[in-house]
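Novice: This is the structure I have questions about; it appears just below.
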Amino acid sequence: MPSPPSPSSSLFDVCIVGAGPAGLNAALVLGRCGRNVLVFDSGQPRNIRSRALHGFLTRDGTHPVELRALGRAELAAYPTVQLHDVEVVRARRIEGHFEIELVNGSRFATRALLLATGRYDRIPELPGFERFYGRDVHHCPYCDGWEHRGETLVVHGRGPDGYREALLLLTWSHAVTLCTDGPDGLDERQRQRLRDNGIAVIENRIATLAGGGGDDDRLTAVTFHDRAPLPCGAVFFCGDCVQHSALPRELGCEFDADGNIRCDGHAATNVPGLYVAGNVRGGVHLAIVAAAEGAEAAIAINRALHAARLRE
């Protein structure tokens with residue numbers, strides 16, 4: 001991997017912040033367009049704790065780190081694409097282009113900027129959740145439900161989010177319990193529907209997630225302060241999914257009520273020349289969707305750059 005680039009007075013075609021599936025796929029498409037591209041990676045992917053990604057055709061079960069390595073290797077065939085492991089700490093739009101600043105103080109100018117900075121999941125601050133996260137504690141049943149099919153499953157959540165997640169998990173198991181760790185936040189219609197579908201609701205306070213220990217430490221039960229433990233094979237939690245980077249807000253992006261960056265159907269934001277791809281957007285947060293959004297953004301960027309150079 002090359003060292004961080006030296007400051008340059010050159011104006012690059014595109015800078016991409018983030019080198020997950022969205023950023024790497026965007027770089028691939030832009031490289032095939034002959035664009036001069038700089039890709040920056042802070043090395044903090046959302047799915048780093050996952051043992052494998054799923055739902056990605058030809059790559060189902062691949063470790064997230066391996067997928068990133070495969071993507072990086074493919075970019076080596078395109079000489080106009082440079083990839084550097086260094087964090088972008090600031091960005092601003094000036095005089096029709098963007099200036100980005102790296103953690104080492106270096107600055108670069110680019111005609112277009114793609115943010116593929118992703119999100120991070122707030123893990124419940126309860127004993128045991130961090131211990132089993134990525135193994136038997138998950139946030140996405142589409143990513144990890146199959147691996148726990150038929151097991152006794154627990155949802156940690158409250159209100160409408162917990163209600164919807166508990167019903168969804170019936171796709172993978174008929175033994176689902178909603179643990180709300182306090183008042184459930186449900187209305188009577190929701191409680192009745194959960195009962196009708198065989199889902200119990202436990203409002204008792206959670207003490208910890210217990211495991212078997214040893215080399216293959218696996219989750220065995222949810223324990224409570226004032227009731228018997230609940231044996232289970234996996235916990236799926238409902239939690240906040242937060243923007244990983246402050247760059248979108250600092251650049252003036254518009255957000256919706258759910259914290260997603262607003263963009264048109266082709267990844268362009270309200271800020272001219274600024275595009276987004278991957279988990280920063282709303283919709284389905286799967287690796288294969290992020291990769292597709294990277295390609296979509298790359299095509300939009302190339303079209304915009306091409307149009308700007310055409311003579312009327």
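Note on naming: chains are A, B, ... as they come in the structure tokens, residues start from 1 per chain, ligands start from 1 in the order shown.
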Extract, using only C-alpha atoms, all DNA, RNA and protein residues at most 7 Å from Val137 of chain A, discarding same-chain residues fewer than 3 positions from it, and format them as a PDB file with C-alpha atoms, in the first residue's frame.
Specialist:
ATOM      1  CA  PHE A 129     -23.490  -7.084  24.261  1.00  0.00           C
ATOM      2  CA  PHE A 132     -20.876 -11.248  21.698  1.00  0.00           C
ATOM      3  CA  TYR A 133     -21.311  -8.547  19.047  1.00  0.00           C
ATOM      4  CA  GLY A 134     -20.668  -9.899  15.558  1.00  0.00           C
ATOM      5  CA  ALA A 234     -28.836 -14.978  19.401  1.00  0.00           C
ATOM      6  CA  VAL A 235     -29.904 -11.427  20.198  1.00  0.00           C
ATOM      7  CA  PHE A 236     -30.880  -8.896  17.542  1.00  0.00           C
TER       8      PHE A 236
END
Novice: Run DSSP on the backbone and give me the residues of segment 53-169 of chain A it puts in alpha helix (DSSP H), as a PyMOL selection string.
Specialist: chain A and resi 64-75+129-132+141-144+159-168
Novice: Take atom CA of Ile100 of chain A and atom CA of Asn279 of chain A and report the distance between them in Å, one decimal.
Specialist: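 A separation of 21.1 Å between them.
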Novice: Could you make a table, as a tab-separated table, of the residues of segment 176-270 of chain A that have an atom within 7 Å of an atom of segment 141-159 of chain A, each with its nearest atom pair and distance in Å to one decimal, counting only C-alpha atoms, in chain and number order?
Specialist:
residue	atom	partner	partner_atom	distance
A:Val176	CA	A:Leu153	CA	4.9
A:Thr177	CA	A:Val154	CA	4.9
A:Leu178	CA	A:Val155	CA	4.8
A:Cys179	CA	A:His156	CA	5.1
A:Thr180	CA	A:Gly157	CA	5.1
A:Asp184	CA	A:Arg158	CA	5.2
A:Gly185	CA	A:Gly159	CA	4.3
A:Leu186	CA	A:Gly159	CA	5.0
A:Cys232	CA	A:Thr152	CA	4.8
A:Gly233	CA	A:Thr152	CA	5.5
A:Ala234	CA	A:Leu153	CA	5.3
A:Val235	CA	A:Val154	CA	4.7
A:Phe236	CA	A:Val155	CA	4.9
A:Phe237	CA	A:His156	CA	4.6
A:Cys238	CA	A:Gly157	CA	5.1
Novice: Those residues you just picked out, can you put them in a file as a short mmCIF file (atom, residue, chain, number, x, y, z; two decimals), in the first residue's frame with C-alpha atoms?
Specialist:
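Saved file out.cif follows:
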data_model
loop_
_atom_site.label_atom_id
_atom_site.label_comp_id
_atom_site.auth_asym_id
_atom_site.auth_seq_id
_atom_site.Cartn_x
_atom_site.Cartn_y
_atom_site.Cartn_z
CA VAL A 176 -38.92 -15.20 19.34
CA THR A 177 -39.05 -13.12 22.52
CA LEU A 178 -39.03 -9.33 22.76
CA CYS A 179 -36.96 -8.08 25.73
CA THR A 180 -37.53 -4.38 26.31
CA ASP A 184 -42.16 -1.82 26.40
CA GLY A 185 -43.47 1.35 24.74
CA LEU A 186 -46.14 -0.65 22.90
CA CYS A 232 -31.31 -18.13 23.61
CA GLY A 233 -29.01 -18.56 20.65
CA ALA A 234 -28.84 -14.98 19.40
CA VAL A 235 -29.90 -11.43 20.20
CA PHE A 236 -30.88 -8.90 17.54
CA PHE A 237 -30.91 -5.33 18.83
CA CYS A 238 -32.68 -2.21 17.67
#
Novice: Using only C-alpha atoms, tabulate the residues of segment 61-154 of chain A lying at most 10 Å from any atom of segment 284-298 of chain A, each with its closest atom pair and that distance in Å to one decimal, by chain and increasing residue number, as a tab-separated table.
Specialist:
residue	atom	partner	partner_atom	distance
A:Pro64	CA	A:Ala287	CA	9.1
A:Leu67	CA	A:Ala287	CA	9.8
A:Leu114	CA	A:Ala297	CA	7.8
A:Leu115	CA	A:Gly294	CA	9.8
A:Ala116	CA	A:Gly294	CA	7.9
A:Gly118	CA	A:Ala290	CA	9.3
A:Arg119	CA	A:His285	CA	9.7
A:Cys140	CA	A:His285	CA	8.9
A:Tyr142	CA	A:Leu286	CA	8.5
A:Cys143	CA	A:Leu286	CA	7.7
Novice: DSSP on the backbone, then: every residue of segment 139-276 of chain A marked strand (DSSP E), written as a count of residues only.
Specialist: 35
